[in-house]
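K.L.:
Before anything else, here's the structure in question.
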There are 2 protein chains.
Amino acid sequence: MQHSASSALVVSGWHRMSYSFNDNTLISQHLESLIRKLHAFVGNAVTQDRNIVFGAGSTQVLSAAAYVLSLANSSSSHSPTRVVASVPYYAYEGDAHTWRNRSESDASTNVIEFVTSPNNPNGLLYKAVPHGPNVKTAYDRAYYWPHFTPIPAPADEDLMVFTLSKLTGHAGSRFGWAVVKDETVFNKMVLHMQVNSIGVSKDTQLRAFKLLKAILEEGTQIFDFAYQTMKSKWERLATTLSLSNRFSLQKINPQYCFFYNKVRESSPAYAWVKCEKEEDKDCYAVLKAANIIVRKGNVFGSEDNYVRLSLVRSQDDFDILIQRLQKLVSEEDGAISM
Amino acid sequence: MQHSASSALVVSGWHRMSYSFNDNTLISQHLESLIRKLHAFVGNAVTQDRNIVFGAGSTQVLSAAAYVLSLANSSSSHSPTRVVASVPYYAYEGDAHTWRNRSESDASTNVIEFVTSPNNPNGLLYKAVPHGPNVKTAYDRAYYWPHFTPIPAPADEDLMVFTLSKLTGHAGSRFGWAVVKDETVFNKMVLHMQVNSIGVSKDTQLRAFKLLKAILEEGTQIFDFAYQTMKSKWERLATTLSLSNRFSLQKINPQYCFFYNKVRESSPAYAWVKCEKEEDKDCYAVLKAANIIVRKGNVFGSEDNYVRLSLVRSQDDFDILIQRLQKLVSEEDGAISM
């Protein structure tokens, strides 16, 4: 809202009607070039000598990656490909369709490892676990922005997925992209997007262009704003929960951040809360009783004494959350000496 | 362009950021209600007691339909589902992935029939071919608008797919919808869209809303304009080709149109051209030599003495097409007495 003029979009009724752009691709070269500039400015990803493919949010981009990497694997063996991730992991929408699998594979199985880094739900900067020669890796880098984490180095993996949703918050626009090293993988992902939906809405691409342009024009400003917002939420949450020994938060070691040129704490999108008491093994129920709705640990392949609590909802929601947590903490433990 | 004020779109930077709308769905109820009004106004589809699901163009909606209908079939048998369509049919992008199959099925095979009506490429108002008890049908109604065809009755099938692309021409926005009778099929399609891309871009939905609203405010005006444009193109094309006996066009019987309240000719998006001479069995090559690029008959499961010629490109492109056809026709046959 602080940059309403530069971030607003005006579209004529007859603008961008065609399936493709003038260069016959489905991808706006202006937007692609802005994305490269943004990664260079933030220092969170290497884009030189890589191709960029767009999708309808990171959801569609990650599906395309899983599909294409499974094709690449299947040349060496006819056994099915298994998609793995370390616990706790983010389970994508729609349980019946989930392609994640916690179990480890034997040497003959083709494996695609999805590494969410920073991880959802716990904010840790995960790295791939080595699995052997039949393993392909895709990095979900949705949260690798300075408002959520120190940036210790530009990410340099073969296949890295980003999304507008966790950068500017525009989840509803459904815009994500992958930075891809291998040209064959890239070409197959582009084909997959064509078949699946004939690329990404031009309206969405235009909106993303306008938003990223506004960000780049303002230097570090939007990151400073978002970082301060997240930092302040984390401080309030940590202070509130420290009044009791009933709950604990994930611990993430501070690191040097090359965006802010200092050692700093993480300020992730989610708190990974543990109910510490034996009788609270259904942590979801404990918080539900205090009128706080969270996501259960088992959704992330973890135990139910863990829950995920979102810090990327509105400020109003967060204020109510803190009030209810304060009430819960003070009720349960009585007045605690400070 | 004639309605630049009513069709233009202005979006604030912070507008519609969320995954879902206020009612917690991924579908704008305002847009859904406009779509129902539009079908009622045009009289081309029954929407009462049906649900409407949105997708990224008819491509994604048809994929969802194929997926969901194959699930519905598989309860009765473990044999794979076959997708069929009558020749000539439209082959969707990406040959390696095509789920269409021309061959007829035996009684034990599950079948999904895709009926494109008016058909692409030949503009005929196809109806489903009865196949037996294990058959589900989906109608691609992309071209069932009065600028392309007489509207003899509101379409009333179980599953009908429409797209903005062939209504207003905004192919790049990637917006399509299905009108679905069965509630179970509808719910599964909604889930499929959630898993595939967490619904349709809110920017796209906003754009579609603005365009459909502008159409409805102007009464029959945009249809009159589009019908006159198509009609005039067809008259020029038919006149040009009638100067020679080398080429013929598809024949479609005139029908009563309840939108225009009169018997009228079709004016389809594509001409299905036949090269009549024995030596012209590669009709694509004949037109290519005249610097006219068309689509080969075999792309549509047909013979290569047929080609598809698009009449929904720009007026400039069409003018050049007519010039080149005139040259081709006059060169080949010599001066013809008029």
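Chain labels run A, B, ... following the order of the structure tokens; each chain numbers its residues from 1, and ligands are numbered from 1 in the order shown.
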List as a VMD selection string the protein and nucleic acid residues near A:Gly301, meaning an atom at most 9 Å away when only C-alpha atoms are counted, but skip any in the same chain fewer than 2 places from it.
P.N.:
chain A and resid 86 to 91 102 297 to 299 303
K.L.:
At a cut-off of 9 Å, which residues of chain A touch chain B? Count only C-alpha atoms and give the answer as a JSON list (two decimals) with N, CA, C and O atoms, in the first residue's frame.
P.N.:
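So iface-v1.json came out as:
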[["chain", "number", "residue", "atom", "x", "y", "z"],
["A", 1, "MET", "N", 0.82, -1.19, 0.00],
["A", 1, "MET", "CA", 0.00, 0.00, 0.00],
["A", 1, "MET", "C", 0.86, 1.26, 0.00],
["A", 1, "MET", "O", 0.42, 2.31, -0.45],
["A", 3, "HIS", "N", 3.29, 1.85, -1.84],
["A", 3, "HIS", "CA", 3.71, 2.18, -3.21],
["A", 3, "HIS", "C", 2.57, 1.92, -4.17],
["A", 3, "HIS", "O", 2.70, 1.20, -5.15],
["A", 4, "SER", "N", 1.42, 2.57, -3.87],
["A", 4, "SER", "CA", 0.22, 2.27, -4.64],
["A", 4, "SER", "C", 0.35, 2.70, -6.10],
["A", 4, "SER", "O", -0.15, 2.01, -6.99],
["A", 5, "ALA", "N", 1.05, 3.80, -6.35],
["A", 5, "ALA", "CA", 1.16, 4.27, -7.74],
["A", 5, "ALA", "C", 2.01, 3.31, -8.57],
["A", 5, "ALA", "O", 1.60, 2.87, -9.65],
["A", 6, "SER", "N", 3.18, 2.93, -8.04],
["A", 6, "SER", "CA", 4.07, 2.10, -8.86],
["A", 6, "SER", "C", 3.62, 0.65, -8.97],
["A", 6, "SER", "O", 3.98, -0.04, -9.92],
["A", 7, "SER", "N", 2.79, 0.19, -8.02],
["A", 7, "SER", "CA", 2.40, -1.23, -8.07],
["A", 7, "SER", "C", 1.04, -1.46, -8.72],
["A", 7, "SER", "O", 0.65, -2.59, -8.96],
["A", 8, "ALA", "N", 0.30, -0.39, -9.02],
["A", 8, "ALA", "CA", -1.02, -0.56, -9.63],
["A", 8, "ALA", "C", -0.89, -0.95, -11.10],
["A", 8, "ALA", "O", 0.12, -0.68, -11.74],
["A", 9, "LEU", "N", -1.93, -1.60, -11.59],
["A", 9, "LEU", "CA", -1.89, -2.13, -12.95],
["A", 9, "LEU", "C", -3.12, -1.63, -13.70],
["A", 9, "LEU", "O", -4.23, -1.66, -13.19],
["A", 10, "VAL", "N", -2.91, -1.14, -14.93],
["A", 10, "VAL", "CA", -4.03, -0.76, -15.80],
["A", 10, "VAL", "C", -3.91, -1.57, -17.08],
["A", 10, "VAL", "O", -2.86, -1.59, -17.72],
["A", 11, "VAL", "N", -4.99, -2.27, -17.43],
["A", 11, "VAL", "CA", -4.96, -3.12, -18.62],
["A", 11, "VAL", "C", -6.10, -2.72, -19.55],
["A", 11, "VAL", "O", -7.25, -2.69, -19.14],
["A", 12, "SER", "N", -5.77, -2.41, -20.81],
["A", 12, "SER", "CA", -6.81, -2.14, -21.80],
["A", 12, "SER", "C", -7.54, -3.44, -22.13],
["A", 12, "SER", "O", -6.95, -4.52, -22.05],
["A", 13, "GLY", "N", -8.80, -3.31, -22.52],
["A", 13, "GLY", "CA", -9.61, -4.49, -22.82],
["A", 13, "GLY", "C", -8.98, -5.40, -23.87],
["A", 13, "GLY", "O", -9.13, -6.61, -23.82],
["A", 14, "TRP", "N", -8.25, -4.81, -24.84],
["A", 14, "TRP", "CA", -7.73, -5.61, -25.95],
["A", 14, "TRP", "C", -6.25, -5.93, -25.78],
["A", 14, "TRP", "O", -5.62, -6.44, -26.71],
["A", 15, "HIS", "N", -5.70, -5.70, -24.59],
["A", 15, "HIS", "CA", -4.26, -5.90, -24.39],
["A", 15, "HIS", "C", -3.93, -7.37, -24.18],
["A", 15, "HIS", "O", -4.61, -8.07, -23.45],
["A", 16, "ARG", "N", -2.86, -7.83, -24.81],
["A", 16, "ARG", "CA", -2.33, -9.19, -24.63],
["A", 16, "ARG", "C", -3.39, -10.27, -24.76],
["A", 16, "ARG", "O", -3.62, -11.06, -23.84],
["A", 17, "MET", "N", -4.06, -10.32, -25.90],
["A", 17, "MET", "CA", -5.11, -11.31, -26.10],
["A", 17, "MET", "C", -4.56, -12.66, -26.56],
["A", 17, "MET", "O", -5.19, -13.68, -26.36],
["A", 18, "SER", "N", -3.40, -12.65, -27.19],
["A", 18, "SER", "CA", -2.90, -13.85, -27.86],
["A", 18, "SER", "C", -2.39, -14.92, -26.89],
["A", 18, "SER", "O", -2.03, -14.63, -25.76],
["A", 19, "TYR", "N", -2.36, -16.16, -27.38],
["A", 19, "TYR", "CA", -1.74, -17.24, -26.62],
["A", 19, "TYR", "C", -0.29, -16.92, -26.30],
["A", 19, "TYR", "O", 0.18, -17.15, -25.21],
["A", 20, "SER", "N", 0.44, -16.39, -27.31],
["A", 20, "SER", "CA", 1.88, -16.22, -27.15],
["A", 20, "SER", "C", 2.29, -14.76, -27.28],
["A", 20, "SER", "O", 1.52, -13.91, -27.71],
["A", 21, "PHE", "N", 3.52, -14.47, -26.87],
["A", 21, "PHE", "CA", 4.07, -13.14, -27.03],
["A", 21, "PHE", "C", 4.60, -12.98, -28.46],
["A", 21, "PHE", "O", 4.62, -13.94, -29.23],
["A", 26, "LEU", "N", 5.68, -18.42, -24.68],
["A", 26, "LEU", "CA", 4.59, -18.21, -23.72],
["A", 26, "LEU", "C", 5.08, -17.42, -22.51],
["A", 26, "LEU", "O", 4.36, -17.22, -21.55],
["A", 55, "GLY", "N", 5.29, -20.97, -14.15],
["A", 55, "GLY", "CA", 4.15, -21.86, -13.93],
["A", 55, "GLY", "C", 3.08, -21.17, -13.10],
["A", 55, "GLY", "O", 3.29, -20.07, -12.58],
["A", 56, "ALA", "N", 1.91, -21.83, -12.98],
["A", 56, "ALA", "CA", 0.81, -21.31, -12.18],
["A", 56, "ALA", "C", 1.10, -21.58, -10.70],
["A", 56, "ALA", "O", 0.62, -22.54, -10.12],
["A", 57, "GLY", "N", 1.93, -20.73, -10.11],
["A", 57, "GLY", "CA", 2.36, -20.94, -8.73],
["A", 57, "GLY", "C", 3.44, -22.00, -8.66],
["A", 57, "GLY", "O", 3.68, -22.72, -9.63],
["A", 58, "SER", "N", 4.09, -22.10, -7.49],
["A", 58, "SER", "CA", 5.14, -23.12, -7.38],
["A", 58, "SER", "C", 4.53, -24.52, -7.45],
["A", 58, "SER", "O", 5.20, -25.48, -7.80],
["A", 59, "THR", "N", 3.23, -24.64, -7.14],
["A", 59, "THR", "CA", 2.53, -25.94, -7.23],
["A", 59, "THR", "C", 2.70, -26.56, -8.61],
["A", 59, "THR", "O", 3.15, -27.70, -8.75],
["A", 60, "GLN", "N", 2.34, -25.79, -9.65],
["A", 60, "GLN", "CA", 2.43, -26.33, -11.01],
["A", 60, "GLN", "C", 3.89, -26.52, -11.42],
["A", 60, "GLN", "O", 4.21, -27.49, -12.12],
["A", 61, "VAL", "N", 4.78, -25.62, -10.98],
["A", 61, "VAL", "CA", 6.19, -25.74, -11.35],
["A", 61, "VAL", "C", 6.80, -26.99, -10.72],
["A", 61, "VAL", "O", 7.54, -27.74, -11.38],
["A", 63, "SER", "N", 5.14, -29.73, -9.79],
["A", 63, "SER", "CA", 4.56, -30.89, -10.48],
["A", 63, "SER", "C", 5.32, -31.15, -11.78],
["A", 63, "SER", "O", 5.64, -32.30, -12.11],
["A", 92, "TYR", "N", 1.78, -31.17, -0.06],
["A", 92, "TYR", "CA", 1.02, -30.31, -0.95],
["A", 92, "TYR", "C", -0.45, -30.62, -0.89],
["A", 92, "TYR", "O", -0.86, -31.69, -0.44],
["A", 93, "GLU", "N", -1.27, -29.70, -1.34],
["A", 93, "GLU", "CA", -2.73, -29.81, -1.32],
["A", 93, "GLU", "C", -3.22, -31.16, -1.83],
["A", 93, "GLU", "O", -2.70, -31.69, -2.80],
["A", 94, "GLY", "N", -4.27, -31.71, -1.19],
["A", 94, "GLY", "CA", -4.92, -32.89, -1.75],
["A", 94, "GLY", "C", -4.24, -34.18, -1.35],
["A", 94, "GLY", "O", -3.39, -34.68, -2.08],
["A", 97, "HIS", "N", -3.62, -37.23, -3.66],
["A", 97, "HIS", "CA", -2.73, -37.08, -4.81],
["A", 97, "HIS", "C", -1.28, -36.89, -4.40],
["A", 97, "HIS", "O", -0.42, -36.71, -5.24],
["A", 98, "THR", "N", -1.01, -36.87, -3.12],
["A", 98, "THR", "CA", 0.35, -36.50, -2.69],
["A", 98, "THR", "C", 1.38, -37.45, -3.28],
["A", 98, "THR", "O", 1.21, -38.66, -3.31],
["A", 165, "SER", "N", 4.08, -15.77, -4.35],
["A", 165, "SER", "CA", 3.28, -15.90, -3.14],
["A", 165, "SER", "C", 4.06, -15.60, -1.86],
["A", 165, "SER", "O", 3.58, -14.90, -0.98],
["A", 168, "THR", "N", 6.01, -11.47, -2.46],
["A", 168, "THR", "CA", 5.19, -10.27, -2.28],
["A", 168, "THR", "C", 3.90, -10.59, -1.52],
["A", 168, "THR", "O", 3.21, -9.67, -1.11],
["A", 169, "GLY", "N", 3.56, -11.87, -1.40],
["A", 169, "GLY", "CA", 2.31, -12.26, -0.76],
["A", 169, "GLY", "C", 1.16, -12.48, -1.73],
["A", 169, "GLY", "O", 0.06, -12.82, -1.31],
["A", 170, "HIS", "N", 1.40, -12.29, -3.05],
["A", 170, "HIS", "CA", 0.31, -12.41, -4.02],
["A", 170, "HIS", "C", 0.07, -13.87, -4.39],
["A", 170, "HIS", "O", 0.30, -14.30, -5.54],
["A", 171, "ALA", "N", -0.44, -14.63, -3.43],
["A", 171, "ALA", "CA", -0.71, -16.06, -3.64],
["A", 171, "ALA", "C", -1.79, -16.26, -4.70],
["A", 171, "ALA", "O", -1.72, -17.18, -5.52],
["A", 172, "GLY", "N", -2.78, -15.38, -4.70],
["A", 172, "GLY", "CA", -3.92, -15.53, -5.60],
["A", 172, "GLY", "C", -3.57, -15.37, -7.07],
["A", 172, "GLY", "O", -4.31, -15.80, -7.94],
["A", 173, "SER", "N", -2.41, -14.73, -7.36],
["A", 173, "SER", "CA", -2.03, -14.55, -8.76],
["A", 173, "SER", "C", -1.53, -15.83, -9.39],
["A", 173, "SER", "O", -1.48, -15.94, -10.61],
["A", 174, "ARG", "N", -1.16, -16.82, -8.58],
["A", 174, "ARG", "CA", -0.66, -18.10, -9.08],
["A", 174, "ARG", "C", 0.51, -17.89, -10.03],
["A", 174, "ARG", "O", 0.42, -18.14, -11.23],
["A", 175, "PHE", "N", 1.64, -17.42, -9.47],
["A", 175, "PHE", "CA", 2.83, -17.26, -10.30],
["A", 175, "PHE", "C", 4.06, -17.81, -9.61],
["A", 175, "PHE", "O", 4.42, -17.37, -8.51],
["A", 191, "LEU", "N", 7.57, -27.76, -22.27],
["A", 191, "LEU", "CA", 6.56, -28.54, -23.00],
["A", 191, "LEU", "C", 5.43, -28.97, -22.07],
["A", 191, "LEU", "O", 4.24, -28.88, -22.42],
["A", 192, "HIS", "N", 5.80, -29.40, -20.87],
["A", 192, "HIS", "CA", 4.79, -29.83, -19.89],
["A", 192, "HIS", "C", 3.81, -28.68, -19.57],
["A", 192, "HIS", "O", 2.60, -28.90, -19.49],
["A", 194, "GLN", "N", 3.07, -26.22, -21.53],
["A", 194, "GLN", "CA", 2.24, -26.01, -22.72],
["A", 194, "GLN", "C", 1.08, -26.98, -22.74],
["A", 194, "GLN", "O", -0.06, -26.60, -22.99],
["A", 195, "VAL", "N", 1.37, -28.24, -22.47],
["A", 195, "VAL", "CA", 0.34, -29.27, -22.52],
["A", 195, "VAL", "C", -0.67, -29.10, -21.39],
["A", 195, "VAL", "O", -1.86, -29.25, -21.57],
["A", 196, "ASN", "N", -0.17, -28.74, -20.21],
["A", 196, "ASN", "CA", -1.02, -28.66, -19.03],
["A", 196, "ASN", "C", -1.98, -27.48, -19.08],
["A", 196, "ASN", "O", -3.13, -27.59, -18.70],
["A", 197, "SER", "N", -1.50, -26.32, -19.52],
["A", 197, "SER", "CA", -2.38, -25.13, -19.48],
["A", 197, "SER", "C", -2.01, -24.08, -20.53],
["A", 197, "SER", "O", -2.44, -22.94, -20.42],
["A", 198, "ILE", "N", -1.23, -24.47, -21.55],
["A", 198, "ILE", "CA", -0.71, -23.50, -22.54],
["A", 198, "ILE", "C", -0.10, -22.31, -21.82],
["A", 198, "ILE", "O", -0.40, -21.14, -22.10],
["A", 199, "GLY", "N", 0.78, -22.60, -20.87],
["A", 199, "GLY", "CA", 1.53, -21.56, -20.18],
["A", 199, "GLY", "C", 0.73, -20.83, -19.11],
["A", 199, "GLY", "O", -0.35, -21.26, -18.72],
["A", 200, "VAL", "N", 1.30, -19.72, -18.66],
["A", 200, "VAL", "CA", 0.74, -18.95, -17.55],
["A", 200, "VAL", "C", -0.03, -17.75, -18.10],
["A", 200, "VAL", "O", 0.43, -17.09, -19.02],
["A", 201, "SER", "N", -1.20, -17.49, -17.51],
["A", 201, "SER", "CA", -2.02, -16.33, -17.86],
["A", 201, "SER", "C", -1.17, -15.09, -18.10],
["A", 201, "SER", "O", -0.32, -14.73, -17.29],
["A", 202, "LYS", "N", -1.43, -14.40, -19.21],
["A", 202, "LYS", "CA", -0.70, -13.16, -19.52],
["A", 202, "LYS", "C", -1.06, -12.07, -18.51],
["A", 202, "LYS", "O", -0.24, -11.19, -18.24],
["A", 203, "ASP", "N", -2.28, -12.11, -17.97],
["A", 203, "ASP", "CA", -2.67, -11.13, -16.95],
["A", 203, "ASP", "C", -1.81, -11.31, -15.71],
["A", 203, "ASP", "O", -1.36, -10.34, -15.10],
["A", 204, "THR", "N", -1.58, -12.55, -15.34],
["A", 204, "THR", "CA", -0.73, -12.87, -14.20],
["A", 204, "THR", "C", 0.70, -12.41, -14.45],
["A", 204, "THR", "O", 1.34, -11.82, -13.57],
["A", 207, "ARG", "N", 0.85, -8.70, -14.06],
["A", 207, "ARG", "CA", 0.77, -8.32, -12.65],
["A", 207, "ARG", "C", 2.12, -8.55, -11.96],
["A", 207, "ARG", "O", 2.62, -7.69, -11.23],
["A", 210, "LYS", "N", 4.64, -5.92, -12.93],
["A", 210, "LYS", "CA", 4.41, -4.64, -12.27],
["A", 210, "LYS", "C", 4.90, -4.68, -10.82],
["A", 210, "LYS", "O", 5.54, -3.73, -10.34],
["A", 211, "LEU", "N", 4.63, -5.77, -10.13],
["A", 211, "LEU", "CA", 5.00, -5.89, -8.72],
["A", 211, "LEU", "C", 6.53, -5.98, -8.55],
["A", 211, "LEU", "O", 7.11, -5.30, -7.71]]
K.L.:
Measure the distance from atom CA of A:Ser242 to atom CA of A:Thr149 in Å and round it to one decimal.
P.N.:
22.0 Å
K.L.:
For the strand (DSSP E) assignment from backbone DSSP, which residues of stretch 186-330 of chain B qualify? Please present them as a count of residues only.
P.N.:
21
K.L.:
I'd like the contact shell of A:Ala142 - 8 Å cut-off, only C-alpha atoms, skipping same-chain residues fewer than 2 positions apart - returned as a PDB file with N, CA and C atoms, in the first residue's frame.
P.N.:
ATOM      1  N   SER A  58       4.094 -22.103  -7.487  1.00  0.00           N
ATOM      2  CA  SER A  58       5.142 -23.122  -7.384  1.00  0.00           C
ATOM      3  C   SER A  58       4.529 -24.523  -7.446  1.00  0.00           C
ATOM      4  N   THR A 116      12.934 -28.556   0.563  1.00  0.00           N
ATOM      5  CA  THR A 116      12.358 -27.240   0.805  1.00  0.00           C
ATOM      6  C   THR A 116      13.305 -26.510   1.748  1.00  0.00           C
ATOM      7  N   SER A 117      13.868 -25.404   1.276  1.00  0.00           N
ATOM      8  CA  SER A 117      14.957 -24.779   2.025  1.00  0.00           C
ATOM      9  C   SER A 117      14.925 -23.261   1.838  1.00  0.00           C
ATOM     10  N   PRO A 118      14.569 -22.478   2.886  1.00  0.00           N
ATOM     11  CA  PRO A 118      14.182 -22.883   4.231  1.00  0.00           C
ATOM     12  C   PRO A 118      12.999 -23.844   4.206  1.00  0.00           C
ATOM     13  N   ASP A 140      12.867 -26.511  -3.451  1.00  0.00           N
ATOM     14  CA  ASP A 140      11.775 -25.552  -3.306  1.00  0.00           C
ATOM     15  C   ASP A 140      12.344 -24.374  -2.507  1.00  0.00           C
ATOM     16  N   TYR A 144      13.255 -18.603   0.458  1.00  0.00           N
ATOM     17  CA  TYR A 144      14.652 -18.142   0.497  1.00  0.00           C
ATOM     18  C   TYR A 144      14.763 -16.660   0.123  1.00  0.00           C
ATOM     19  N   TRP A 145      14.164 -15.837   0.975  1.00  0.00           N
ATOM     20  CA  TRP A 145      14.185 -14.386   0.813  1.00  0.00           C
ATOM     21  C   TRP A 145      14.548 -13.766   2.154  1.00  0.00           C
ATOM     22  N   VAL A 161      13.051 -23.691  -7.326  1.00  0.00           N
ATOM     23  CA  VAL A 161      11.700 -23.186  -7.568  1.00  0.00           C
ATOM     24  C   VAL A 161      11.390 -22.018  -6.621  1.00  0.00           C
ATOM     25  N   PHE A 162      10.874 -20.945  -7.192  1.00  0.00           N
ATOM     26  CA  PHE A 162      10.478 -19.757  -6.422  1.00  0.00           C
ATOM     27  C   PHE A 162       9.017 -19.429  -6.705  1.00  0.00           C
ATOM     28  N   THR A 163       8.428 -18.569  -5.869  1.00  0.00           N
ATOM     29  CA  THR A 163       7.029 -18.179  -6.082  1.00  0.00           C
ATOM     30  C   THR A 163       6.771 -16.757  -5.607  1.00  0.00           C
ATOM     31  N   LYS A 166       5.275 -16.128  -1.731  1.00  0.00           N
ATOM     32  CA  LYS A 166       6.045 -15.947  -0.507  1.00  0.00           C
ATOM     33  C   LYS A 166       7.037 -14.788  -0.623  1.00  0.00           C
ATOM     34  N   LEU A 167       7.048 -14.122  -1.782  1.00  0.00           N
ATOM     35  CA  LEU A 167       7.901 -12.943  -1.954  1.00  0.00           C
ATOM     36  C   LEU A 167       7.089 -11.681  -1.690  1.00  0.00           C
TER      37      LEU A 167
END
K.L.:
Counting only C-alpha atoms, figure out which residue out of B:Leu237, B:Val294, B:Val185, B:Ala65 gets nearest to B:Asp319.
P.N.:
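Counting only C-alpha atoms, the residue closest to B:Asp319 is B:Leu237.
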K.L.:
Would you kindly return, as a list in words, each protein, DNA or RNA residue with an atom no farther than 7 Å from any atom of B:Tyr306, considering only C-alpha atoms and excluding same-chain residues fewer than 4 positions away?
P.N.:
Trp272, Val273, Lys274, Cys275, Cys283, Lys296 and Gly297 of chain B
K.L.:
Those residues with N, CA, C and O atoms, as a short mmCIF file (atom, residue, chain, number, x, y, z; two decimals), in the first residue's frame please?
P.N.:
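So part_6.cif came out as:
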data_model
loop_
_atom_site.label_atom_id
_atom_site.label_comp_id
_atom_site.auth_asym_id
_atom_site.auth_seq_id
_atom_site.Cartn_x
_atom_site.Cartn_y
_atom_site.Cartn_z
N TRP B 272 -12.31 -26.03 -43.43
CA TRP B 272 -11.77 -27.39 -43.59
C TRP B 272 -11.71 -27.62 -45.10
O TRP B 272 -12.69 -27.96 -45.74
N VAL B 273 -10.53 -27.35 -45.63
CA VAL B 273 -10.35 -27.26 -47.08
C VAL B 273 -9.89 -28.61 -47.64
O VAL B 273 -8.98 -29.23 -47.08
N LYS B 274 -10.51 -29.02 -48.73
CA LYS B 274 -10.08 -30.26 -49.40
C LYS B 274 -9.42 -29.91 -50.73
O LYS B 274 -9.95 -29.11 -51.51
N CYS B 275 -8.26 -30.48 -50.96
CA CYS B 275 -7.64 -30.40 -52.27
C CYS B 275 -8.27 -31.49 -53.12
O CYS B 275 -8.12 -32.68 -52.84
N CYS B 283 -2.05 -31.58 -49.55
CA CYS B 283 -2.69 -30.26 -49.66
C CYS B 283 -1.89 -29.19 -48.93
O CYS B 283 -1.84 -28.03 -49.34
N LYS B 296 -2.05 -29.53 -41.25
CA LYS B 296 -2.27 -30.73 -42.06
C LYS B 296 -3.46 -31.55 -41.56
O LYS B 296 -3.69 -31.64 -40.36
N GLY B 297 -4.14 -32.19 -42.50
CA GLY B 297 -5.26 -33.06 -42.16
C GLY B 297 -4.91 -34.15 -41.17
O GLY B 297 -5.70 -34.48 -40.28
#
K.L.:
Which residues come within 9 Å of A:Gln326, counting only C-alpha atoms, excluding same-chain residues fewer than 4 positions away, as a PyMOL selection string?
P.N.:
chain A and resi 240-241+243+321-322+330-331
K.L.:
If you run DSSP over the backbone, which residues in stretch 4-35 of chain B end up helix (DSSP H, G or I)? Put them as a ChimeraX atom specification.
P.N.:
/B:4-7,29-35
K.L.:
For A:Ile252, find every residue with an atom within 8 Å (counting only C-alpha atoms), except residues of its own chain fewer than 2 positions away, and show them as a PyMOL selection string.
P.N.:
chain A and resi 123-124+250+254+265-266
K.L.:
Can you tell me, as a short mmCIF file (atom, residue, chain, number, x, y, z; two decimals) with N, CA and C atoms, in the first residue's frame, what residues are no more than 6 Å from B:Glu113 when counting only C-alpha atoms, ignoring any on the same chain fewer than 3 positions away?
P.N.:
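Listing of out-v7.cif after writing:
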data_model
loop_
_atom_site.label_atom_id
_atom_site.label_comp_id
_atom_site.auth_asym_id
_atom_site.auth_seq_id
_atom_site.Cartn_x
_atom_site.Cartn_y
_atom_site.Cartn_z
N VAL B 83 -9.90 -42.63 -24.45
CA VAL B 83 -10.59 -41.39 -24.83
C VAL B 83 -10.76 -41.38 -26.34
N VAL B 84 -12.00 -41.21 -26.79
CA VAL B 84 -12.27 -41.27 -28.23
C VAL B 84 -12.93 -39.98 -28.71
N ALA B 85 -12.82 -39.75 -30.00
CA ALA B 85 -13.48 -38.62 -30.64
C ALA B 85 -13.68 -38.98 -32.10
N THR B 137 -19.37 -38.90 -21.41
CA THR B 137 -19.19 -37.95 -22.49
C THR B 137 -18.90 -36.56 -21.95
#
K.L.:
What does the distance between atom CA of A:Ile215 and atom CA of A:Phe318 come to in Å, to one decimal place?
P.N.:
24.9 Å
K.L.:
Using only C-alpha atoms, which of the listed residues (A:Lys136, A:Arg36, A:Lys327, A:Arg295) sits closest to A:Gln48?
P.N.:
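When distances to A:Gln48 are compared using only C-alpha atoms, the smallest one comes from A:Arg36.
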K.L.:
Pick from A:Tyr270, A:Tyr67, A:Phe148, A:Trp234: nearest to A:Val190, with only C-alpha atoms counted?
P.N.:
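Among A:Tyr270, A:Tyr67, A:Phe148, A:Trp234, it is A:Tyr67 that comes nearest to A:Val190.
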